[in-house]
Amino acid sequence: MPSLTSLLKPVQVNLVDLLLDPNNPRFAELGQKLDAVPEGRFAEEKVQQQTYERMKTPRFDVAELRDTIKNLGFLPMDRIVVRRWKGSDSASPKFVVVEGNRRIAALNWLIELQDSGRESFTSEQLNNFTQLEVLLLDDEAAPENSMLILPGLRHVSGIKEWGPYQKA
């Protein structure tokens with residue numbers, strides 16, 4: 001079995017080519033019955049809109065993340081991981097977010113605020129919000145459970161909390 005590192009390749013993508021995962025494991029936290037959305041329907045406008053609205057619920061703290069990105073810019077310290085959407089063609093590929101759905105929802109929210117006139121960002125900020133270097137998972141070569149392993153590595157071990165001294 002190849003290492004996960006060898007299955008991840010940095011690529012440049014536009015925010016509009018990223019699809020939020022409507023089957024995001026986070027949604028189990030909402031206590032709702034999860035009816036899996038078929039892969040072929042991921043790119044449908046209503047499916048993406050409903051997924052985006054679910055991500056914006058206070059439970060996931062996307063508003064706080066949005067405000068942090070607004071103030072500091074999008075800092076790609078932990079890169080977003082995507083896989084090629086099975087419904088896209090090679091001429092205009094779309095990608096499903098494997099790890100980073102909250103960040104993508106926050107970036108989409110910032111663009112929504114710009115488009116509605118409620119915020120005004122510079123072209124440099126807009127470029128920072130929309131032109132992203134992500135890690136593309138070669139899901140053809142990856143083990144089937146890699147779509148769960150990658151987010152699991154991030155969320156189970158997580159980032160170690162700072163103590164009171166470091167926070168000060």
# chains A, B, ... in the order shown; residues from 1 in each chain; ligands from 1

$ residues_around --residues "A:Val134" --least-positions-apart "5" --cutoff "8 Å" --atoms "only C-alpha atoms" --output "number ranges by chain"
A: 10-13, 79-82

$ write_last_selection --atoms "N, CA and C atoms" --output "compact mmCIF listing (two decimals), in the first residue's frame"
# COMPACT_ATOMS: atom_id res chain seq x y z
N PRO A 10 0.18 18.86 -4.51
CA PRO A 10 -0.30 20.24 -4.48
C PRO A 10 -0.80 20.68 -5.86
N VAL A 11 -1.98 21.30 -5.88
CA VAL A 11 -2.55 21.85 -7.11
C VAL A 11 -3.21 23.18 -6.80
N GLN A 12 -3.28 24.05 -7.80
CA GLN A 12 -3.97 25.33 -7.69
C GLN A 12 -5.40 25.14 -8.18
N VAL A 13 -6.36 25.60 -7.40
CA VAL A 13 -7.77 25.53 -7.80
C VAL A 13 -8.46 26.84 -7.46
N ARG A 79 -3.16 22.73 4.74
CA ARG A 79 -3.81 22.80 3.43
C ARG A 79 -5.08 21.98 3.37
N ILE A 80 -5.96 22.45 2.55
CA ILE A 80 -7.22 21.77 2.29
C ILE A 80 -6.91 20.55 1.43
N VAL A 81 -7.59 19.46 1.72
CA VAL A 81 -7.41 18.23 0.94
C VAL A 81 -8.68 18.00 0.13
N VAL A 82 -8.50 17.73 -1.15
CA VAL A 82 -9.63 17.50 -2.05
C VAL A 82 -9.40 16.21 -2.83

$ residues_around --residues "A:Asp35" --least-positions-apart "6" --cutoff "12 Å" --atoms "only C-alpha atoms" --output "PyMOL selection string"
chain A and resi 22-25+27-28

$ write_last_selection --atoms "N, CA and C atoms" --output "compact mmCIF listing (two decimals), in the first residue's frame"
# COMPACT_ATOMS: atom_id res chain seq x y z
N PRO A 22 -21.53 17.05 0.93
CA PRO A 22 -22.84 16.97 1.56
C PRO A 22 -22.97 15.77 2.51
N ASN A 23 -22.01 14.85 2.44
CA ASN A 23 -21.99 13.69 3.33
C ASN A 23 -20.92 13.85 4.41
N ASN A 24 -20.59 15.09 4.73
CA ASN A 24 -19.57 15.40 5.72
C ASN A 24 -19.89 14.71 7.04
N PRO A 25 -18.92 13.97 7.60
CA PRO A 25 -19.17 13.30 8.89
C PRO A 25 -19.55 14.26 10.01
N PHE A 27 -21.82 16.36 10.06
CA PHE A 27 -23.27 16.53 10.15
C PHE A 27 -23.91 15.53 11.11
N ALA A 28 -23.21 14.46 11.45
CA ALA A 28 -23.73 13.52 12.45
C ALA A 28 -23.86 14.20 13.80

$ closest_residue --among "A:Asn108, A:Asn127, A:Gly100, A:Leu20" --to "A:Gln50" --atoms "only C-alpha atoms"
A:Leu20

$ closest_residue --among "A:Ala63, A:Ala106, A:Leu8, A:Leu18" --to "A:Pro93" --atoms "only C-alpha atoms"
A:Leu18

$ closest_residue --among "A:Ser92, A:Gln125, A:Gln131, A:Asn101" --to "A:Gln48" --atoms "only C-alpha atoms"
A:Asn101

$ closest_residue --among "A:Leu7, A:Leu136, A:Val96, A:Ala105" --to "A:Lys56" --atoms "only C-alpha atoms"
A:Ala105

$ closest_residue --among "A:Arg102, A:Val97, A:Leu135, A:Gly73" --to "A:Arg54" --atoms "only C-alpha atoms"
A:Arg102

$ atom_distance --atom1 "atom CA of A:Arg83" --atom2 "atom CA of A:Asn128"
21.1 Å

$ atom_distance --atom1 "atom CA of A:Ile69" --atom2 "atom CA of A:Asp138"
28.3 Å

$ select_by_dssp --residues "stretch 14-155 of chain A" --states "alpha helix (DSSP H)" --output "JSON, numbers by chain"
{"A": [45, 46, 47, 48, 49, 50, 51, 52, 53, 54, 55, 62, 63, 64, 65, 66, 67, 68, 69, 70, 71, 72, 101, 102, 103, 104, 105, 106, 107, 108, 109, 110, 111, 112, 113, 114, 115, 123, 124, 125, 126, 127, 128, 129, 130, 146, 147, 148, 149, 150, 151, 152]}

$ closest_residue --among "A:Thr122, A:Ser116, A:Thr130, A:Thr68" --to "A:Val16" --atoms "only C-alpha atoms"
A:Thr130

$ atom_distance --atom1 "atom CA of A:Ile104" --atom2 "atom CA of A:Asp67"
13.2 Å
